[in-house]
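Peer 1: I am sharing final_15.tsv, which consists of TSV, N, CA and C atoms and all ligand atoms:
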chain	number	residue	atom	x	y	z
T	1	MET	N	94.82	85.87	101.47
T	1	MET	CA	94.58	87.12	100.74
T	1	MET	C	93.51	87.93	101.48
T	2	VAL	N	93.81	89.19	101.70
T	2	VAL	CA	92.86	90.00	102.46
T	2	VAL	C	92.23	91.05	101.56
T	3	TYR	N	90.93	91.07	101.54
T	3	TYR	CA	90.20	92.08	100.76
T	3	TYR	C	89.62	93.13	101.69
T	4	SER	N	89.56	94.36	101.19
T	4	SER	CA	88.96	95.43	101.98
T	4	SER	C	87.44	95.22	102.06
T	5	GLU	N	86.84	95.90	103.04
T	5	GLU	CA	85.38	95.85	103.19
T	5	GLU	C	84.69	96.28	101.90
T	6	LYS	N	85.26	97.31	101.28
T	6	LYS	CA	84.62	97.85	100.07
T	6	LYS	C	84.65	96.85	98.92
T	7	VAL	N	85.79	96.16	98.79
T	7	VAL	CA	85.87	95.14	97.74
T	7	VAL	C	84.82	94.07	97.99
T	8	LEU	N	84.73	93.62	99.24
T	8	LEU	CA	83.77	92.58	99.58
T	8	LEU	C	82.34	93.04	99.33
T	9	ASP	N	82.07	94.31	99.65
T	9	ASP	CA	80.74	94.86	99.44
T	9	ASP	C	80.39	94.91	97.95
T	10	HIS	N	81.33	95.42	97.15
T	10	HIS	CA	81.04	95.53	95.70
T	10	HIS	C	81.00	94.15	95.03
T	11	PHE	N	81.69	93.19	95.63
T	11	PHE	CA	81.62	91.83	95.09
T	11	PHE	C	80.26	91.20	95.43
T	12	ALA	N	79.83	91.40	96.69
T	12	ALA	CA	78.57	90.79	97.12
T	12	ALA	C	77.36	91.52	96.56
T	13	ASN	N	77.47	92.84	96.41
T	13	ASN	CA	76.35	93.64	95.89
T	13	ASN	C	76.82	94.52	94.74
T	14	PRO	N	77.18	93.93	93.64
T	14	PRO	CA	77.71	94.76	92.55
T	14	PRO	C	76.67	95.75	92.01
T	15	ARG	N	77.12	96.98	91.77
T	15	ARG	CA	76.22	98.02	91.23
T	15	ARG	C	76.27	97.97	89.69
T	16	ASN	N	75.17	98.32	89.11
T	16	ASN	CA	75.10	98.49	87.64
T	16	ASN	C	75.39	97.20	86.85
T	17	VAL	N	74.94	96.09	87.38
T	17	VAL	CA	75.11	94.84	86.63
T	17	VAL	C	74.01	94.73	85.57
T	18	GLY	N	74.37	94.22	84.42
T	18	GLY	CA	73.38	93.99	83.38
T	18	GLY	C	73.87	94.45	82.04
T	19	GLU	N	72.93	94.67	81.14
T	19	GLU	CA	73.33	95.20	79.84
T	19	GLU	C	72.36	96.29	79.42
T	20	ILE	N	72.79	97.13	78.49
T	20	ILE	CA	71.92	98.17	77.97
T	20	ILE	C	71.64	97.80	76.51
T	21	GLU	N	70.37	97.57	76.22
T	21	GLU	CA	70.06	97.07	74.88
T	21	GLU	C	70.39	98.04	73.77
T	22	ASP	N	70.06	99.30	73.98
T	22	ASP	CA	70.35	100.29	72.94
T	22	ASP	C	71.56	101.13	73.33
T	23	ALA	N	72.60	100.44	73.77
T	23	ALA	CA	73.80	101.14	74.23
T	23	ALA	C	74.43	101.96	73.10
T	24	ASP	N	75.06	103.08	73.49
T	24	ASP	CA	75.77	103.89	72.50
T	24	ASP	C	77.19	103.37	72.29
T	25	GLY	N	77.67	102.62	73.25
T	25	GLY	CA	79.00	102.03	73.10
T	25	GLY	C	79.09	100.75	73.91
T	26	VAL	N	79.72	99.76	73.34
T	26	VAL	CA	79.90	98.49	74.05
T	26	VAL	C	81.36	98.09	73.93
T	27	GLY	N	81.96	97.71	75.04
T	27	GLY	CA	83.35	97.27	74.99
T	27	GLY	C	83.52	95.95	75.69
T	28	GLU	N	84.28	95.08	75.08
T	28	GLU	CA	84.54	93.81	75.74
T	28	GLU	C	86.05	93.59	75.79
T	29	VAL	N	86.53	93.26	76.96
T	29	VAL	CA	87.96	93.00	77.10
T	29	VAL	C	88.15	91.72	77.90
T	30	GLY	N	89.31	91.16	77.75
T	30	GLY	CA	89.58	89.93	78.49
T	30	GLY	C	91.05	89.87	78.86
T	31	ASN	N	91.33	89.03	79.80
T	31	ASN	CA	92.71	88.80	80.19
T	31	ASN	C	93.05	87.36	79.79
T	32	SER	N	94.04	87.24	78.93
T	32	SER	CA	94.32	85.91	78.38
T	32	SER	C	94.89	84.96	79.43
T	33	LYS	N	95.51	85.52	80.47
T	33	LYS	CA	96.12	84.65	81.48
T	33	LYS	C	95.09	83.96	82.35
T	34	CYS	N	94.13	84.75	82.87
T	34	CYS	CA	93.14	84.13	83.75
T	34	CYS	C	91.87	83.76	83.00
T	35	GLY	N	91.71	84.30	81.80
T	35	GLY	CA	90.54	83.95	81.00
T	35	GLY	C	89.29	84.73	81.35
T	36	ASP	N	89.41	85.71	82.25
T	36	ASP	CA	88.25	86.48	82.66
T	36	ASP	C	87.85	87.49	81.58
T	37	ILE	N	86.54	87.73	81.50
T	37	ILE	CA	86.02	88.62	80.46
T	37	ILE	C	85.11	89.67	81.09
T	38	MET	N	85.22	90.90	80.60
T	38	MET	CA	84.39	91.98	81.11
T	38	MET	C	83.75	92.71	79.94
T	39	LYS	N	82.46	92.94	80.07
T	39	LYS	CA	81.75	93.65	79.01
T	39	LYS	C	81.08	94.88	79.61
T	40	MET	N	81.28	96.01	78.97
T	40	MET	CA	80.78	97.28	79.50
T	40	MET	C	79.88	97.96	78.47
T	41	TYR	N	78.74	98.45	78.92
T	41	TYR	CA	77.78	99.14	78.05
T	41	TYR	C	77.63	100.57	78.53
T	42	ILE	N	77.69	101.53	77.60
T	42	ILE	CA	77.45	102.91	78.02
T	42	ILE	C	76.36	103.56	77.18
T	43	LYS	N	75.67	104.46	77.83
T	43	LYS	CA	74.67	105.29	77.18
T	43	LYS	C	75.20	106.71	77.32
T	44	VAL	N	75.23	107.44	76.23
T	44	VAL	CA	75.79	108.80	76.27
T	44	VAL	C	74.73	109.82	75.86
T	45	ASP	N	74.53	110.81	76.71
T	45	ASP	CA	73.62	111.90	76.39
T	45	ASP	C	74.35	113.20	76.64
T	46	ASP	N	74.37	114.04	75.59
T	46	ASP	CA	74.99	115.34	75.79
T	46	ASP	C	76.43	115.21	76.27
T	47	ASN	N	77.13	114.27	75.70
T	47	ASN	CA	78.53	114.02	76.05
T	47	ASN	C	78.75	113.56	77.49
T	48	LYS	N	77.67	113.11	78.11
T	48	LYS	CA	77.79	112.58	79.48
T	48	LYS	C	77.39	111.11	79.50
T	49	ILE	N	78.05	110.35	80.37
T	49	ILE	CA	77.68	108.94	80.54
T	49	ILE	C	76.40	108.92	81.37
T	50	SER	N	75.27	108.80	80.71
T	50	SER	CA	74.00	108.86	81.45
T	50	SER	C	73.67	107.51	82.08
T	51	ASP	N	74.18	106.45	81.49
T	51	ASP	CA	73.96	105.13	82.10
T	51	ASP	C	75.12	104.22	81.73
T	52	VAL	N	75.39	103.29	82.60
T	52	VAL	CA	76.46	102.32	82.35
T	52	VAL	C	76.12	101.02	83.06
T	53	LYS	N	76.35	99.94	82.35
T	53	LYS	CA	76.11	98.62	82.95
T	53	LYS	C	77.25	97.69	82.55
T	54	PHE	N	77.43	96.66	83.33
T	54	PHE	CA	78.50	95.72	83.00
T	54	PHE	C	78.12	94.29	83.28
T	55	LYS	N	78.85	93.42	82.61
T	55	LYS	CA	78.75	91.99	82.89
T	55	LYS	C	80.17	91.48	82.97
T	56	THR	N	80.49	90.85	84.05
T	56	THR	CA	81.84	90.33	84.21
T	56	THR	C	81.79	88.84	84.49
T	57	PHE	N	82.44	88.11	83.62
T	57	PHE	CA	82.61	86.68	83.87
T	57	PHE	C	84.01	86.54	84.40
T	58	GLY	N	84.15	86.70	85.68
T	58	GLY	CA	85.51	86.68	86.19
T	58	GLY	C	85.55	86.61	87.70
T	59	CYS	N	86.71	86.88	88.21
T	59	CYS	CA	86.95	86.73	89.64
T	59	CYS	C	86.25	87.82	90.44
T	60	GLY	N	86.25	87.66	91.74
T	60	GLY	CA	85.61	88.61	92.62
T	60	GLY	C	86.19	90.01	92.52
T	61	ALA	N	87.49	90.11	92.37
T	61	ALA	CA	88.12	91.43	92.26
T	61	ALA	C	87.72	92.11	90.94
T	62	ALA	N	87.54	91.31	89.90
T	62	ALA	CA	87.12	91.88	88.61
T	62	ALA	C	85.69	92.41	88.73
T	63	ILE	N	84.86	91.68	89.44
T	63	ILE	CA	83.47	92.13	89.64
T	63	ILE	C	83.45	93.40	90.49
T	64	ALA	N	84.21	93.40	91.57
T	64	ALA	CA	84.25	94.56	92.45
T	64	ALA	C	84.80	95.80	91.73
T	65	THR	N	85.85	95.62	90.93
T	65	THR	CA	86.42	96.79	90.26
T	65	THR	C	85.49	97.28	89.14
T	66	SER	N	84.82	96.37	88.44
T	66	SER	CA	83.92	96.88	87.42
T	66	SER	C	82.75	97.60	88.05
T	67	SER	N	82.26	97.07	89.17
T	67	SER	CA	81.17	97.74	89.87
T	67	SER	C	81.58	99.15	90.30
T	68	MET	N	82.73	99.25	90.94
T	68	MET	CA	83.21	100.57	91.40
T	68	MET	C	83.47	101.49	90.21
T	69	ALA	N	84.06	100.96	89.16
T	69	ALA	CA	84.37	101.79	87.99
T	69	ALA	C	83.10	102.36	87.37
T	70	THR	N	82.03	101.57	87.31
T	70	THR	CA	80.79	102.09	86.72
T	70	THR	C	80.24	103.22	87.59
T	71	GLU	N	80.36	103.05	88.91
T	71	GLU	CA	79.88	104.11	89.81
T	71	GLU	C	80.68	105.39	89.61
T	72	MET	N	81.96	105.23	89.33
T	72	MET	CA	82.83	106.40	89.23
T	72	MET	C	82.64	107.17	87.92
T	73	ILE	N	82.13	106.51	86.88
T	73	ILE	CA	81.97	107.23	85.61
T	73	ILE	C	80.53	107.65	85.34
T	74	LYS	N	79.61	107.12	86.08
T	74	LYS	CA	78.20	107.45	85.84
T	74	LYS	C	77.97	108.94	86.07
T	75	GLY	N	77.38	109.61	85.08
T	75	GLY	CA	77.10	111.04	85.20
T	75	GLY	C	78.27	111.92	84.81
T	76	LYS	N	79.42	111.30	84.55
T	76	LYS	CA	80.61	112.08	84.17
T	76	LYS	C	80.64	112.28	82.66
T	77	SER	N	81.48	113.21	82.23
T	77	SER	CA	81.64	113.41	80.79
T	77	SER	C	82.44	112.24	80.23
T	78	VAL	N	82.30	112.06	78.92
T	78	VAL	CA	83.02	110.97	78.27
T	78	VAL	C	84.53	111.14	78.48
T	79	ASP	N	84.99	112.38	78.39
T	79	ASP	CA	86.42	112.63	78.60
T	79	ASP	C	86.87	112.27	80.01
T	80	ASP	N	86.05	112.60	80.97
T	80	ASP	CA	86.38	112.24	82.36
T	80	ASP	C	86.44	110.72	82.53
T	81	ALA	N	85.49	110.04	81.88
T	81	ALA	CA	85.47	108.58	81.98
T	81	ALA	C	86.76	108.00	81.42
T	82	LEU	N	87.27	108.62	80.39
T	82	LEU	CA	88.51	108.13	79.78
T	82	LEU	C	89.72	108.35	80.69
T	83	GLN	N	89.59	109.31	81.60
T	83	GLN	CA	90.70	109.60	82.51
T	83	GLN	C	90.76	108.62	83.68
T	84	LEU	N	89.71	107.85	83.85
T	84	LEU	CA	89.67	106.95	85.01
T	84	LEU	C	90.76	105.88	84.89
T	85	THR	N	91.58	105.81	85.89
T	85	THR	CA	92.66	104.82	85.86
T	85	THR	C	92.34	103.66	86.80
T	86	ASN	N	92.97	102.54	86.54
T	86	ASN	CA	92.76	101.40	87.42
T	86	ASN	C	93.24	101.71	88.83
T	87	LYS	N	94.23	102.61	88.91
T	87	LYS	CA	94.76	103.00	90.22
T	87	LYS	C	93.68	103.73	91.03
T	88	ALA	N	92.97	104.63	90.36
T	88	ALA	CA	91.91	105.38	91.05
T	88	ALA	C	90.80	104.43	91.51
T	89	VAL	N	90.50	103.44	90.69
T	89	VAL	CA	89.47	102.47	91.06
T	89	VAL	C	89.94	101.66	92.28
T	90	MET	N	91.20	101.27	92.25
T	90	MET	CA	91.74	100.51	93.39
T	90	MET	C	91.73	101.34	94.66
T	91	GLU	N	92.09	102.62	94.52
T	91	GLU	CA	92.09	103.49	95.70
T	91	GLU	C	90.69	103.63	96.27
T	92	ALA	N	89.72	103.77	95.37
T	92	ALA	CA	88.33	103.91	95.82
T	92	ALA	C	87.86	102.66	96.54
T	93	LEU	N	88.48	101.54	96.23
T	93	LEU	CA	88.11	100.28	96.88
T	93	LEU	C	88.99	99.99	98.10
T	94	ASP	N	89.81	100.97	98.48
T	94	ASP	CA	90.76	100.79	99.59
T	94	ASP	C	91.78	99.71	99.30
T	95	GLY	N	92.14	99.58	98.05
T	95	GLY	CA	93.25	98.70	97.68
T	95	GLY	C	92.84	97.29	97.27
T	96	LEU	N	93.79	96.66	96.59
T	96	LEU	CA	93.62	95.26	96.17
T	96	LEU	C	94.92	94.54	96.44
T	97	PRO	N	94.86	93.25	96.69
T	97	PRO	CA	96.12	92.50	96.84
T	97	PRO	C	96.91	92.57	95.52
T	98	PRO	N	98.23	92.61	95.61
T	98	PRO	CA	99.05	92.78	94.39
T	98	PRO	C	98.73	91.80	93.26
T	99	VAL	N	98.41	90.57	93.57
T	99	VAL	CA	98.12	89.60	92.50
T	99	VAL	C	96.80	89.90	91.80
T	100	LYS	N	96.05	90.85	92.35
T	100	LYS	CA	94.73	91.16	91.78
T	100	LYS	C	94.72	92.50	91.04
T	101	VAL	N	95.87	93.10	90.92
T	101	VAL	CA	95.91	94.42	90.25
T	101	VAL	C	95.44	94.31	88.80
T	102	HIS	N	95.78	93.22	88.14
T	102	HIS	CA	95.39	93.11	86.72
T	102	HIS	C	93.88	93.11	86.53
T	103	CYS	N	93.14	92.72	87.57
T	103	CYS	CA	91.69	92.71	87.47
T	103	CYS	C	91.15	94.13	87.32
T	104	SER	N	91.81	95.08	88.01
T	104	SER	CA	91.36	96.47	87.93
T	104	SER	C	91.75	97.07	86.58
T	105	VAL	N	92.82	96.56	86.00
T	105	VAL	CA	93.22	97.04	84.67
T	105	VAL	C	92.13	96.68	83.66
T	106	LEU	N	91.52	95.53	83.86
T	106	LEU	CA	90.44	95.09	82.98
T	106	LEU	C	89.28	96.11	83.02
T	107	ALA	N	88.98	96.63	84.20
T	107	ALA	CA	87.88	97.58	84.33
T	107	ALA	C	88.19	98.87	83.57
T	108	GLU	N	89.42	99.34	83.70
T	108	GLU	CA	89.81	100.55	82.98
T	108	GLU	C	89.73	100.31	81.47
T	109	GLU	N	90.21	99.17	81.05
T	109	GLU	CA	90.21	98.85	79.62
T	109	GLU	C	88.80	98.69	79.06
T	110	ALA	N	87.92	98.13	79.87
T	110	ALA	CA	86.54	97.92	79.41
T	110	ALA	C	85.86	99.26	79.14
T	111	ILE	N	86.12	100.23	80.02
T	111	ILE	CA	85.54	101.56	79.82
T	111	ILE	C	86.10	102.19	78.54
T	112	LYS	N	87.40	102.08	78.37
T	112	LYS	CA	88.03	102.66	77.18
T	112	LYS	C	87.51	101.98	75.91
T	113	ALA	N	87.30	100.67	75.99
T	113	ALA	CA	86.79	99.95	74.82
T	113	ALA	C	85.37	100.40	74.50
T	114	ALA	N	84.56	100.63	75.53
T	114	ALA	CA	83.18	101.08	75.31
T	114	ALA	C	83.17	102.49	74.71
T	115	VAL	N	84.02	103.36	75.23
T	115	VAL	CA	84.08	104.73	74.71
T	115	VAL	C	84.61	104.72	73.29
T	116	SER	N	85.58	103.88	73.03
T	116	SER	CA	86.13	103.87	71.68
T	116	SER	C	85.09	103.33	70.69
T	117	ASP	N	84.27	102.39	71.12
T	117	ASP	CA	83.16	101.91	70.28
T	117	ASP	C	82.16	103.05	70.03
T	118	TYR	N	81.90	103.82	71.08
T	118	TYR	CA	80.99	104.97	70.95
T	118	TYR	C	81.53	105.97	69.92
T	119	TYR	N	82.81	106.28	70.02
T	119	TYR	CA	83.43	107.21	69.07
T	119	TYR	C	83.34	106.68	67.65
T	120	GLU	N	83.61	105.40	67.54
T	120	GLU	CA	83.59	104.77	66.21
T	120	GLU	C	82.20	104.87	65.58
T	121	LYS	N	81.20	104.58	66.39
T	121	LYS	CA	79.81	104.63	65.90
T	121	LYS	C	79.44	106.05	65.48
T	122	ARG	N	80.00	107.02	66.15
T	122	ARG	CA	79.72	108.41	65.81
T	122	ARG	C	80.61	108.94	64.70
T	123	GLY	N	81.54	108.11	64.27
T	123	GLY	CA	82.47	108.54	63.24
T	123	GLY	C	83.49	109.54	63.75
T	124	ILE	N	83.72	109.52	65.06
T	124	ILE	CA	84.73	110.42	65.63
T	124	ILE	C	86.07	109.70	65.64
T	125	ASP	N	87.05	110.35	65.08
T	125	ASP	CA	88.36	109.73	65.00
T	125	ASP	C	89.20	110.14	66.21
T	126	LYS	N	89.39	109.22	67.13
T	126	LYS	CA	90.14	109.56	68.33
T	126	LYS	C	90.99	108.37	68.73
T	127	ASP	N	92.19	108.63	69.09
T	127	ASP	CA	93.03	107.54	69.57
T	127	ASP	C	92.85	107.41	71.08
T	128	ILE	N	92.48	106.25	71.50
T	128	ILE	CA	92.37	106.04	72.94
T	128	ILE	C	93.52	105.14	73.35
T	129	ILE	N	94.28	105.64	74.29
T	129	ILE	CA	95.43	104.87	74.73
T	129	ILE	C	95.00	103.85	75.76
T	130	THR	N	95.22	102.61	75.47
T	130	THR	CA	94.95	101.58	76.48
T	130	THR	C	96.28	101.01	76.94
T	131	LYS	N	96.22	100.34	78.05
T	131	LYS	CA	97.47	99.82	78.62
T	131	LYS	C	97.93	98.58	77.89
U	1	LIG	FE1	91.60	87.68	86.13
U	1	LIG	FE2	90.76	88.75	88.29
U	1	LIG	S1	91.85	86.91	88.15
U	1	LIG	S2	90.41	89.43	86.30
When written as structure tokens, how does the structure in this file appear?
Peer 2:
Amino acid sequence: MVYSEKVLDHFANPRNVGEIEDADGVGEVGNSKCGDIMKMYIKVDDNKISDVKFKTFGCGAAIATSSMATEMIKGKSVDDALQLTNKAVMEALDGLPPVKVHCSVLAEEAIKAAVSDYYEKRGIDKDIITK
């Protein structure tokens, strides 16, 4: 299996690892097949993702995609964060081996879960489509 330089870099030096204690939204998702779990914390100010952190108990590709995904949504509007697809994250990482595509889906879902928790806490009724 061949990983791109970017995947290896984000795996070895993941960005935004940790948790946010007073997070505005927290999402946790898992993949029942591999058993990997990803938890995403967001802080929202003025409808923008002002901070985001993650914890991933999972494979290297899951760590790399969550790291890249957090970088891609930081500073963006909540709506923009919701538009982030696993495909865009994979492209930003210069690709993933086909058997690892589901790991990037986890990253997209974790963001959506965190945003949907944020909406719920605010009493905003919004349907978020997850895969
Ligand atoms: Fe399950 Fe990567 S093998 S998230």
Peer 1: Return as a PyMOL selection string every polymer residue, whether protein, DNA or RNA, with at least one atom no more than 7 Å from an atom of ligand LIG 1 (chain U); count only N, CA and C atoms and all ligand atoms.
Peer 2: chain T and resi 31+33-37+58-63+99-100+102-104+106
Peer 1: List every residue of chain T that DSSP, applied to the backbone, labels as alpha helix (DSSP H), and write the result as a PyMOL selection string.
Peer 2: chain T and resi 5-12+60-73+78-83+86-92+101-122
Peer 1: Quick one: of T:Gly25, T:Gly75, T:Gly30, T:Gly95, who's nearest to Asp117 of chain T, counting only C-alpha atoms?
Peer 2: T:Gly25
Peer 1: For Phe54 of chain T, which of T:Asp9, T:Asp80, T:Glu108, T:Glu19 is the closest residue, counting only C-alpha atoms?
Peer 2: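 The shortest atom-to-atom distance to Phe54 of chain T comes from T:Glu19.
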Peer 1: List as a compact mmCIF listing (two decimals) with N, CA and C atoms, keeping the file's coordinate frame the protein and nucleic acid residues near Asp127 of chain T, meaning an atom at most 12 Å away when only C-alpha atoms are counted, but skip any in the same chain fewer than 4 places from it.
Peer 2:
# COMPACT_ATOMS: atom_id res chain seq x y z
N LEU T 82 87.27 108.62 80.39
CA LEU T 82 88.51 108.13 79.78
C LEU T 82 89.72 108.35 80.69
N LYS T 112 87.40 102.08 78.37
CA LYS T 112 88.03 102.66 77.18
C LYS T 112 87.51 101.98 75.91
N ALA T 113 87.30 100.67 75.99
CA ALA T 113 86.79 99.95 74.82
C ALA T 113 85.37 100.40 74.50
N VAL T 115 84.02 103.36 75.23
CA VAL T 115 84.08 104.73 74.71
C VAL T 115 84.61 104.72 73.29
N SER T 116 85.58 103.88 73.03
CA SER T 116 86.13 103.87 71.68
C SER T 116 85.09 103.33 70.69
N ASP T 117 84.27 102.39 71.12
CA ASP T 117 83.16 101.91 70.28
C ASP T 117 82.16 103.05 70.03
N TYR T 119 82.81 106.28 70.02
CA TYR T 119 83.43 107.21 69.07
C TYR T 119 83.34 106.68 67.65
N GLU T 120 83.61 105.40 67.54
CA GLU T 120 83.59 104.77 66.21
C GLU T 120 82.20 104.87 65.58
Peer 1: Under the rule that only C-alpha atoms are counted, which of T:Ala114, T:Val105, T:Met90, T:Ala12 is the nearest residue to Val44 of chain T?
Peer 2: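 Checking each of T:Ala114, T:Val105, T:Met90, T:Ala12 against Val44 of chain T, counting only C-alpha atoms, the winner is T:Ala114.
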Peer 1: List the spatial neighbours of Ile111 of chain T as a PyMOL selection string - criterion: any atom at most 9 Å away, only C-alpha atoms, same-chain residues fewer than 4 positions off excluded.
Peer 2: chain T and resi 26-28+39-42+69-70+73+81-82+84+106-107+115-116
Peer 1: In Å, rounded to a single decimal, give me how far atom N of Ala110 of chain T is from atom N of Ala88 of chain T.
Peer 2: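 That distance, rounded to one decimal, is 13.3 Å.
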